[in-house]
Every structure is written in structure tokens, then in C-alpha cells.
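Visitor: Let me give you the structure first, and then I'll get to my questions.
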2 protein chains.
Amino acid sequence: MSDFDMIAAAAGRLDGHVRRTPLLTSPFLDDIAGRRVLVKPECLQHTGSFKFRGAWSAISALDPALRGRGVIAYSSGNHAQGVALAARLHDVPSVIVMPADAPALKIANTRALGAEVVLYDRGRESREEIGEALARDRGLTLIRPYDEPQVIAGQGTCGLEIAEQAAELGVTDAQVLVCCGGGGLTSGVALALERTAPALRVRPVEPQGFDDVTRSLASGRIERNAAESGGLCDAILTPAPGQLTFPILSRLCGPGLVVTEDEALRAMALAFLRLKIVIEPGGAVALAAALFHGDKLDGEAVIAVASGGNVDPAVFRMALDRLDAA
Amino acid sequence: MSDFDMIAAAAGRLDGHVRRTPLLTSPFLDDIAGRRVLVKPECLQHTGSFKFRGAWSAISALDPALRGRGVIAYSSGNHAQGVALAARLHDVPSVIVMPADAPALKIANTRALGAEVVLYDRGRESREEIGEALARDRGLTLIRPYDEPQVIAGQGTCGLEIAEQAAELGVTDAQVLVCCGGGGLTSGVALALERTAPALRVRPVEPQGFDDVTRSLASGRIERNAAESGGLCDAILTPAPGQLTFPILSRLCGPGLVVTEDEALRAMALAFLRLKIVIEPGGAVALAAALFHGDKLDGEAVIAVASGGNVDPAVFRMALDRLDAA
């Protein structure tokens with residue numbers, strides 16, 4: 001099955017379970033960006049991020065007997081919640097391996113969604129090793145956060161919606177900015193758009209200091225980040241682009257864009273004020289690039305995926321402080 | 001034309017111009033409410049509230065020659081923004097009469113959307129008299145905020161969407177809670193549901209101290225509020241139910257519900273945390289009733305309209321403070 005056919009099949013399995021998020025606009029954001037801005041608010045997705053799409057896609061694709069034994073995931077938070085809820089709705093157990101320093105809200109939510117949470121030390125331990133050992137011992141199926149074809153296919157359904165919704169709004173000439181960690185969402189959206197709206201070109205967006213994808217696209221080979229944690233954009237801090245996602249990103253995406261944390265916070269504040277949505281720093285980098293890096297973009301319009309909204313109130317207050325200063 | 005036919009006609013005129021807002025859910029909110037909770041986030045509508053529906057409906061229904069001379073509205077803010085944007089998109093001038101003590105954000109937004117803003121003193125002057133004099137002098141058409149059939153019809157399109165979306169989610173037995181000021185949205189939604197989903201019964205929700213509709217429904221005649229301003233729920237503070245809306249509310253709605261400001265702030269905080277949407281105090285009273293007054297509700301599910309999201313950061317911080325206390 002081709003990559004696109006896998007996305008189309010995932011869309012069929014997700015139908016009626018995933019939320020079709022709208023495409024939001026505001027004349028105030030258009031004025032700031034100097035072009036039309038369309039925002040795909042995946043923060044409104046179940047569990048507050050796009051991750052539910054990939055989780056549902058992967059779990060729904062499993063052989064029922066295998067699925068019944070349960071699933072396991074390692075995640076800083078959003079993938080964790082997506083897998084936990086998708087597992088619960090399939091009535092199967094889930095184990096989530098999370099860094100002990102993940103936002104308290106994400107750990108609490110994952111537990112409340114019915115998952116067993118196993119914490120690890122991000123500095124000393126490997127989540128991959130812990131996850132694979134638990135999977136082996138208990139017969140659980142590992143749901144990788146991005147380097148997994150069915151997860152990429154699930155995230156790609158966001159791209160199918162973007163293609164349809166942009167066409168409804170008469171947008172044909174635009175770049176599509178995607179908040180990029182391991183590249184699951186970015187590569188899925190790029191694959192979906194390649195077939196359904198080839199004039200919409202994807203650009204990955206990353207926070208300063210964690211620009212592994214941008215550097216990898218520039219050099220043509222997988223580059224790693226110096227740091228693996230730190231900063232506010234926890235949702236999209238991964239060591240390097242994936243083995244499966246990087247070739248897709250290389251083939252289909254334009255150059256990466258890099259924004260500062262302050263720009264991400266200002267984008268969160270403007271999303272609060274103008275779109276009435278709550279986004280987290282890692283989910284705001286694409287909108288930040290759309291609003292504040294227009295000189296690096298082409299096209300009459302820009303589409304920014306706001307990938308998640310699981311933010312602690314203290315961090316949200318930091319964003320609101322940017323409004324008062326403006 | 002019947003009331004329902006006017007709503008259906010308004011839906012035709014609004015198609016492609018109004019945003020079809022989704023119907024959001026969270027298992028965490030279900031747990032708090034003790035039943036399924038569905039939230040219709042009209043804060044995601046253009047200009048951040050349902051008011052754009054009624055404004056577009058009324059302006060699009062005007063005779064083109066009359067419309068060309070311009071429109072006028074008096075409003076504490078959300079109707080103002082709705083009329084300003086709908087007028088601009090129809091390429092006609094608008095004048096908005098606003099109380100001088102309306103939230104700064106709403107006044108600034110209304111101006112930025114191209115309207116001429118005329119401020120008045122809520123305690124000493126009558127917005128109706130000012131509006132009618134300006135309308136007469138300049139040949140403007142007055143777009144009343146709720147006691148206007150085409151405005152009620154426009155707000156009713158929100159009810160058409162609720163009926164369709166509730167059916168898609170398999171919800172048949174629910175009360176529909178609507179934040180209620182003058183009753184335009186509440187009566188419009190009630191008229192739409194009467195025909196399309198008669199098992200979904202509307203209940204108006206008001207803030208303590210401004211429960212004119214609740215008392216009017218109980219007594220069977222129009223009752224007025226002692227105060228006409230004050231408090232956080234500025235969006236829904238009106239002196240009394242309308243002459244057109246009250247008979248509709250009387251015929252179609254169940255008893256009113258009254259919530260405290262603290263409950264509205266807690267509902268805002270939970271909408272931030274669980275739905276990733278920004279709602280203002282007046283737009284949060286229905287969700288507050290759904291979450292905290294379940295003992296007064298019937299049905300397996302409750303549908304709450306979150307009617308607007310135009311809230312100043314300082315007030316939003318007050319809501320976030322409720323999360324820290326929880």
C-alpha cells in the first residue's frame with residue numbers, strides 16, 4: 001500500500017472517532033503577518049493535540065488478539081495522552097513511559113485517562129530501552145511516537161483536512177507550517193498534501209536550540225540536537241528526525257524555520273486574543289513563524305498547524321504577560 | 001414566513017460566511033458533571049462570539065440601497081464587533097454606540113474592524129435614544145442586538161448546527177444550556193431546535209444579580225434587573241428580556257438557571273484546561289451550570305453553548321487562579 005493509500009485508510013478508521021478541527025482566521029492576524037493566515041487548531045483535537053490521530057490509527061490497525069494484550073508508548077506527554085485515550089476507547093490496557101520532568105498536567109492527565117505511567121530520568125535513562133523491555137516482558141505492542149508508518153498515516157489525516165478546508169476558503173497558493181519534533185505530523189501532512197494539494201508546500205518549524213530537522217534538511221543527513229531537554233517547547237523536543245520521517249521530509253518539505261521561545265509565547269498570546277484557542281509553546285512555533293518570519297515565506301496565504309494545547313497555567317500566564325507588554 | 005423558515009433562510013445567507021463551530025467534549029468534564037457534556041464553542045466564531053451570525057443575517061437581509069447608507073448598533077461589545085465585521089464584509093459603513101466602561105479590548109477591536117465608535121455613559125444616557133437619533137440623522141439602519149427578527153433568525157443557525165452535531169454524536173436526550181442576555185441567542189436556538197430536535201430542550205442561564213429572564217419565566221411577565229451594569233459577565237447584562245424574545249422563551253424554554261461569578265470563572269478555567277478554548281465570563285455561565293448545577297438538569301447529556309471569548313487578559317488570569325486553587 002502506498003503512503004497516501006495508508007493515510008486514506010487511516011482516515012476511514014478515524015472517521016467518527018477523531019475530531020475534524022476547523023480552520024480559523026482573524027483579520028488581526030492577517031494584518032500582523034502581511035498575508036492571509038489560516039490556523040489549524042489541533043489543540044481542539046481529543047486529548048488536546050494531533051497525537052490522538054496517530055494513536056488511534058496505530059491501535060485500530062493492530063490485529064485484535066495482539067491489541068487485546070495492550071500497548072505501550074514513551075512520550076513527553078501529548079503522544080502519551082493520545083495513546084492512553086485511544087487504548088481506553090478500544091478497551092485495551094496501556095503503559096506509558098514518561099520523563100519524570102514532563103509537565104505535571106500531562107502526567108496527571110495520562111494517568112486519569114486510564115494508563116499505567118512509568119517515569120524515567122531523561123538525563124540518565126533511555127526511554128526506548130525501557131519501553132522495549134516492558135513491551136517484551138508483558139507482550140505489549142510498542143506504539144512509537146513518530147517512526148511508525150501507521151502513526152504517520154494517522155497524522156496525515158490532518159493534511160487531508162487542510163487540503164479540503166483550504167480549497168473551501170479559496171486558498172491555493174500557501175505554505176503550510178508545521179510544528180516539528182520527530183517529524184510524524186510534518187511528514188504525514190506532507191504526504192497527504194503531495195497528492196491532494198501539491199501547491200501547498202510544507203515547512204517544518206522548530207524552536208531555537210532544537211533545530212535538528214532544519215539542520216538535517218540543510219545538510220542532507222540526520223543531525224542531532226546538542227541538548228535533549230530544556231526550554232518551554234517540551235512537546236517537540238526530540239533528539240533527531242526519525243529514520244522513517246527524515247526521507248519523507250527531505251523529499252517533500254521546504255527549508256525549516258526556527259523561532260525563539262519569546263516568539264512562541266507571543267504567538268500563544270495572539271492565539272488567545274484573536275482566535276480564542278489555547279496553545280502550548282511547542283504547538284505555537286508554526287504560528288510564530290507565520291506571524292513573525294513572513295520574510296522567509298512565499299505565497300498569498302500561510303497555513304499554520306497549532307499542534308497542541310496542553311500547557312500549564314503558569315506558562316500560559318507568561319504568554320499573557322506578552323500581551324500586556326505589547 | 002414562519003420563524004423556522006426565517007432561520008433556514010438565514011442559514012442560506014450565512015453559508016460560506018459564518019464559521020460552523022465544532023461540538024467539543026472531554027471525559028474530564030463528563031466526570032465533573034456526572035453526565036456527558038457537549039460544548040458548542042461560539043467563541044471560535046468570527047469576532048469571537050455568536051453575534052456575528054445575527055449581524056450577518058440582519059445586514060445581508062437589508063435592501064441593498066438601504067444597506068449602502070450604513071448600519072448602526074448599540075452594544076456592550078460582542079454585538080458591536082459582529083456588526084462591524086459584517087458591515088465591513090458587505091462594504092458598508094457602521095456606527096457603534098458603546099458604553100464608555102465596556103472592556104477596552106472590545107472597544108479597540110470594534111474600531112479596528114472599521115466601525116465609527118460613539119461612547120456613552122451607561123448610568124446617565126440611553127443607548128436606545130442615542131442610537132435612534134443617529135440612525136435618523138444619517139439614514140443608518142439600526143441593527144438591534146436581540147429584539148430584531150433577522151438577528152434572532154441568524155442566532156438560530158447555531159441551533160441548527162447543534163441539532164445536526166448532537167445527532168452525529170448520538171445524543172438524543174439532553175438539555176441545551178444557553179448564556180442569556182436579551183434572549184436573542186436563546187430564542188433563536190429554541191426555535192431551531194423546536195423543529196429539528198424537539199427532544200433537546202433549551203434552558204437559559206444567567207449570572208447571579210442579573211437573572212431577569214429566570215424571574216420573568218417564573219412569573220410569566222417581563223421582570224427587570226435592579227442593576228444594569230457591574231460584574232464580570234458584561235456580555236450578557238441586559239435590563240430585561242426583549243419584547244420579541246420573551247414570548248418565544250416563555251413558550252419553548254425550561255426554567256432558567258443562575259450561577260455565581262466564581263462558578264463562571266471556574267468554568268472558564270476548566271474550558272482552558274480541558275477544551276483548550278478561551279471563553280469570557282458571560283460566555284461561561286452555561287458551561288458553569290452544566291458542570292456545577294447538575295442537580296437541576298435532566299437527561300443523559302447536557303449541551304452548553306459557550307457564547308463568546310472576548311475577555312481581557314486580567315480577567316482570564318482570575319480564572320486561571322481558580323485552577324491553582326483546585
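For the C-alpha cells, the naming scheme is as follows: chains receive sequential letters (A, B, ...) according to their order of presentation, residues are indexed from 1 within each chain, and ligands are indexed from 1 in presentation order.
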If you count only C-alpha atoms, which residues fall within 7 Å of region 161-176 of chain A, apart from same-chain ones fewer than 3 positions away, as a list in words?
Guide: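 Listing them by chain and then by number gives Leu23, Thr157, Cys158, Leu193, Thr196, Ala197, Ala199, Leu200, Arg201, Val202, Arg203, Asp298, Gly299, Glu300, Ala301, Val302, Ile303 and Ala304 of chain A.
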Visitor: Go ahead and write the selection's residues with C-alpha atoms as a short mmCIF file (atom, residue, chain, number, x, y, z; two decimals), in the first residue's frame.
Guide:
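result_7.cif, written as the output of this step:
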data_model
loop_
_atom_site.label_atom_id
_atom_site.label_comp_id
_atom_site.auth_asym_id
_atom_site.auth_seq_id
_atom_site.Cartn_x
_atom_site.Cartn_y
_atom_site.Cartn_z
CA LEU A 23 -9.55 26.21 10.01
CA THR A 157 -5.33 12.81 8.08
CA CYS A 158 -4.73 16.34 9.39
CA LEU A 193 -0.75 17.31 0.56
CA THR A 196 -4.39 16.33 -2.61
CA ALA A 197 -2.96 19.86 -2.81
CA ALA A 199 0.65 23.66 -4.40
CA LEU A 200 0.58 23.70 -0.58
CA ARG A 201 4.22 23.16 0.39
CA VAL A 202 5.13 22.08 3.92
CA ARG A 203 7.78 23.87 6.02
CA ASP A 298 6.23 32.68 -0.09
CA GLY A 299 2.61 32.84 -1.14
CA GLU A 300 -0.50 34.92 -0.61
CA ALA A 301 -1.50 32.91 2.44
CA VAL A 302 0.12 30.85 5.14
CA ILE A 303 -1.40 27.88 6.95
CA ALA A 304 -0.07 27.18 10.46
#
Visitor: Could you pull out the strand (DSSP E or B) residues of region 19-73 of chain B from DSSP and send them as number ranges by chain?
Guide: B: 24, 36-41, 49, 71-73
Visitor: I want to know what sits within 7 Å of Ile236 (chain B), based on only C-alpha atoms, with residues of the same chain fewer than 5 positions away left out; could you give that as a short mmCIF file (atom, residue, chain, number, x, y, z; two decimals) with C-alpha atoms, in the first residue's frame?
Guide:
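Output below, filename result_33.cif:
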data_model
loop_
_atom_site.label_atom_id
_atom_site.label_comp_id
_atom_site.auth_asym_id
_atom_site.auth_seq_id
_atom_site.Cartn_x
_atom_site.Cartn_y
_atom_site.Cartn_z
CA CYS B 180 -28.79 34.52 28.13
CA GLY B 181 -28.79 38.32 27.99
CA GLY B 282 -20.65 35.90 30.26
#
Visitor: So that I can see what lies close to Ala288 (chain B), please list as JSON, numbers by chain the residues with an atom at most 12 Å from it, counting only C-alpha atoms and leaving out residues fewer than 2 positions away in the same chain.
Guide: {"B": [29, 32, 33, 37, 39, 177, 178, 179, 205, 206, 207, 257, 258, 259, 260, 261, 262, 263, 264, 265, 266, 267, 268, 269, 270, 271, 279, 280, 281, 282, 283, 284, 285, 286, 290, 291, 292, 293, 294, 302, 303, 304, 305, 306]}
Visitor: Store the residues picked out above, limited to C-alpha atoms, as a PDB file, in the first residue's frame.
Guide:
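Result saved to part10.pdb:
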ATOM      1  CA  LEU B  29     -15.740  17.375  32.064  1.00  0.00           C
ATOM      2  CA  ILE B  32     -17.266  16.579  36.861  1.00  0.00           C
ATOM      3  CA  ALA B  33     -20.800  16.943  35.533  1.00  0.00           C
ATOM      4  CA  VAL B  37     -21.060  17.326  28.380  1.00  0.00           C
ATOM      5  CA  VAL B  39     -19.792  22.327  24.359  1.00  0.00           C
ATOM      6  CA  LEU B 177     -27.969  25.499  28.188  1.00  0.00           C
ATOM      7  CA  VAL B 178     -27.599  28.930  26.629  1.00  0.00           C
ATOM      8  CA  CYS B 179     -25.938  32.024  28.111  1.00  0.00           C
ATOM      9  CA  VAL B 205     -28.519  30.580  32.083  1.00  0.00           C
ATOM     10  CA  GLU B 206     -27.723  33.899  33.780  1.00  0.00           C
ATOM     11  CA  PRO B 207     -25.299  35.294  36.359  1.00  0.00           C
ATOM     12  CA  LEU B 257     -30.572  28.642  35.803  1.00  0.00           C
ATOM     13  CA  VAL B 258     -28.458  31.089  37.792  1.00  0.00           C
ATOM     14  CA  VAL B 259     -24.719  30.737  38.506  1.00  0.00           C
ATOM     15  CA  THR B 260     -22.235  32.769  40.527  1.00  0.00           C
ATOM     16  CA  GLU B 261     -19.318  34.701  39.062  1.00  0.00           C
ATOM     17  CA  ASP B 262     -16.973  32.318  40.824  1.00  0.00           C
ATOM     18  CA  GLU B 263     -18.640  29.381  39.065  1.00  0.00           C
ATOM     19  CA  ALA B 264     -18.303  31.182  35.727  1.00  0.00           C
ATOM     20  CA  LEU B 265     -14.577  31.726  36.375  1.00  0.00           C
ATOM     21  CA  ARG B 266     -14.121  28.060  37.320  1.00  0.00           C
ATOM     22  CA  ALA B 267     -15.890  27.043  34.108  1.00  0.00           C
ATOM     23  CA  MET B 268     -13.520  29.306  32.146  1.00  0.00           C
ATOM     24  CA  ALA B 269     -10.567  27.618  33.850  1.00  0.00           C
ATOM     25  CA  LEU B 270     -11.874  24.140  33.011  1.00  0.00           C
ATOM     26  CA  ALA B 271     -12.534  25.175  29.404  1.00  0.00           C
ATOM     27  CA  ILE B 279     -14.279  31.944  26.958  1.00  0.00           C
ATOM     28  CA  GLU B 280     -15.345  35.139  28.704  1.00  0.00           C
ATOM     29  CA  PRO B 281     -17.340  35.155  31.969  1.00  0.00           C
ATOM     30  CA  GLY B 282     -20.650  35.895  30.256  1.00  0.00           C
ATOM     31  CA  GLY B 283     -19.911  33.128  27.765  1.00  0.00           C
ATOM     32  CA  ALA B 284     -19.109  30.657  30.532  1.00  0.00           C
ATOM     33  CA  VAL B 285     -22.326  30.695  32.560  1.00  0.00           C
ATOM     34  CA  ALA B 286     -23.938  27.883  30.555  1.00  0.00           C
ATOM     35  CA  ALA B 290     -23.671  22.197  33.190  1.00  0.00           C
ATOM     36  CA  LEU B 291     -20.714  21.432  35.454  1.00  0.00           C
ATOM     37  CA  PHE B 292     -21.884  22.692  38.838  1.00  0.00           C
ATOM     38  CA  HIS B 293     -25.707  22.615  38.792  1.00  0.00           C
ATOM     39  CA  GLY B 294     -26.285  19.116  37.503  1.00  0.00           C
ATOM     40  CA  VAL B 302     -26.041  18.355  28.562  1.00  0.00           C
ATOM     41  CA  ILE B 303     -25.144  20.728  25.744  1.00  0.00           C
ATOM     42  CA  ALA B 304     -23.671  24.089  26.789  1.00  0.00           C
ATOM     43  CA  VAL B 305     -23.243  26.975  24.371  1.00  0.00           C
ATOM     44  CA  ALA B 306     -20.007  28.877  25.129  1.00  0.00           C
TER      45      ALA B 306
END
Visitor: With a cut-off of 7 Å, could you pull out the residues of chain B touching chain A and give me the nearest pair of atoms for each, distance in Å to one decimal, using only C-alpha atoms, ordered by chain and ascending number, as a tab-separated table?
Guide:
residue	atom	partner	partner_atom	distance
B:Cys43	CA	A:Lys276	CA	6.3
B:Leu44	CA	A:Lys276	CA	6.2
B:Gly48	CA	A:Lys276	CA	6.9
B:Phe272	CA	A:Val278	CA	6.6
B:Leu275	CA	A:Leu44	CA	6.4
B:Lys276	CA	A:Val278	CA	4.6
B:Ile277	CA	A:Ile277	CA	4.5
B:Val278	CA	A:Lys276	CA	4.6
B:Gly309	CA	A:Lys276	CA	6.0
B:Pro313	CA	A:Leu320	CA	6.3
B:Leu320	CA	A:Pro313	CA	6.3
Visitor: Please write the residues from the selection above to a file, keeping C-alpha atoms, as a compact mmCIF listing (two decimals), in the first residue's frame.
Guide:
# COMPACT_ATOMS: atom_id res chain seq x y z
CA CYS B 43 -16.02 31.85 20.93
CA LEU B 44 -14.45 30.35 17.80
CA GLY B 48 -15.13 35.74 18.97
CA PHE B 272 -8.89 26.33 29.24
CA LEU B 275 -11.16 22.04 25.86
CA LYS B 276 -8.33 24.47 25.00
CA ILE B 277 -10.78 27.28 24.32
CA VAL B 278 -10.90 30.83 25.67
CA GLY B 309 -14.47 34.61 24.21
CA PRO B 313 -6.09 39.06 29.99
CA LEU B 320 -6.54 30.63 35.89
Visitor: Quick one: pull the distance between CA of Lys51 (chain A) and CA of Asp30 (chain A), Å, one decimal.
Guide: 27.9 Å
Visitor: CA of Leu140 (chain B) and CA of Val95 (chain B), how far apart in Å?
Guide: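 CA of Leu140 (chain B) lies 8.5 Å from CA of Val95 (chain B).
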Visitor: Pick out the residues sitting within 9 Å of region 72-80 of chain B, and hand them over as a VMD selection string; count only C-alpha atoms, and ignore anything fewer than 4 positions along from it in its own chain.
Guide: chain B and resid 47 to 52 54 to 55 84 to 85 93 to 99 101 to 103 105 to 107 109 to 110 115 127 to 128 130 to 132 134 to 135 140 to 145 234 to 237 308 310
Visitor: If I take CA of Ser57 (chain A) and CA of Glu194 (chain A), how far is one from the other in Å, to one decimal?
Guide: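 About the pair CA of Ser57 (chain A) and CA of Glu194 (chain A): they are 20.1 Å apart.
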Visitor: With DSSP run on the backbone, what are the alpha helix (DSSP H) residues within region 76-321 of chain B? I'd like them as a ChimeraX atom specification.
Guide: /B:78-89,104-112,127-138,149-168,184-196,212-219,245-252,261-270,281-292,313-321
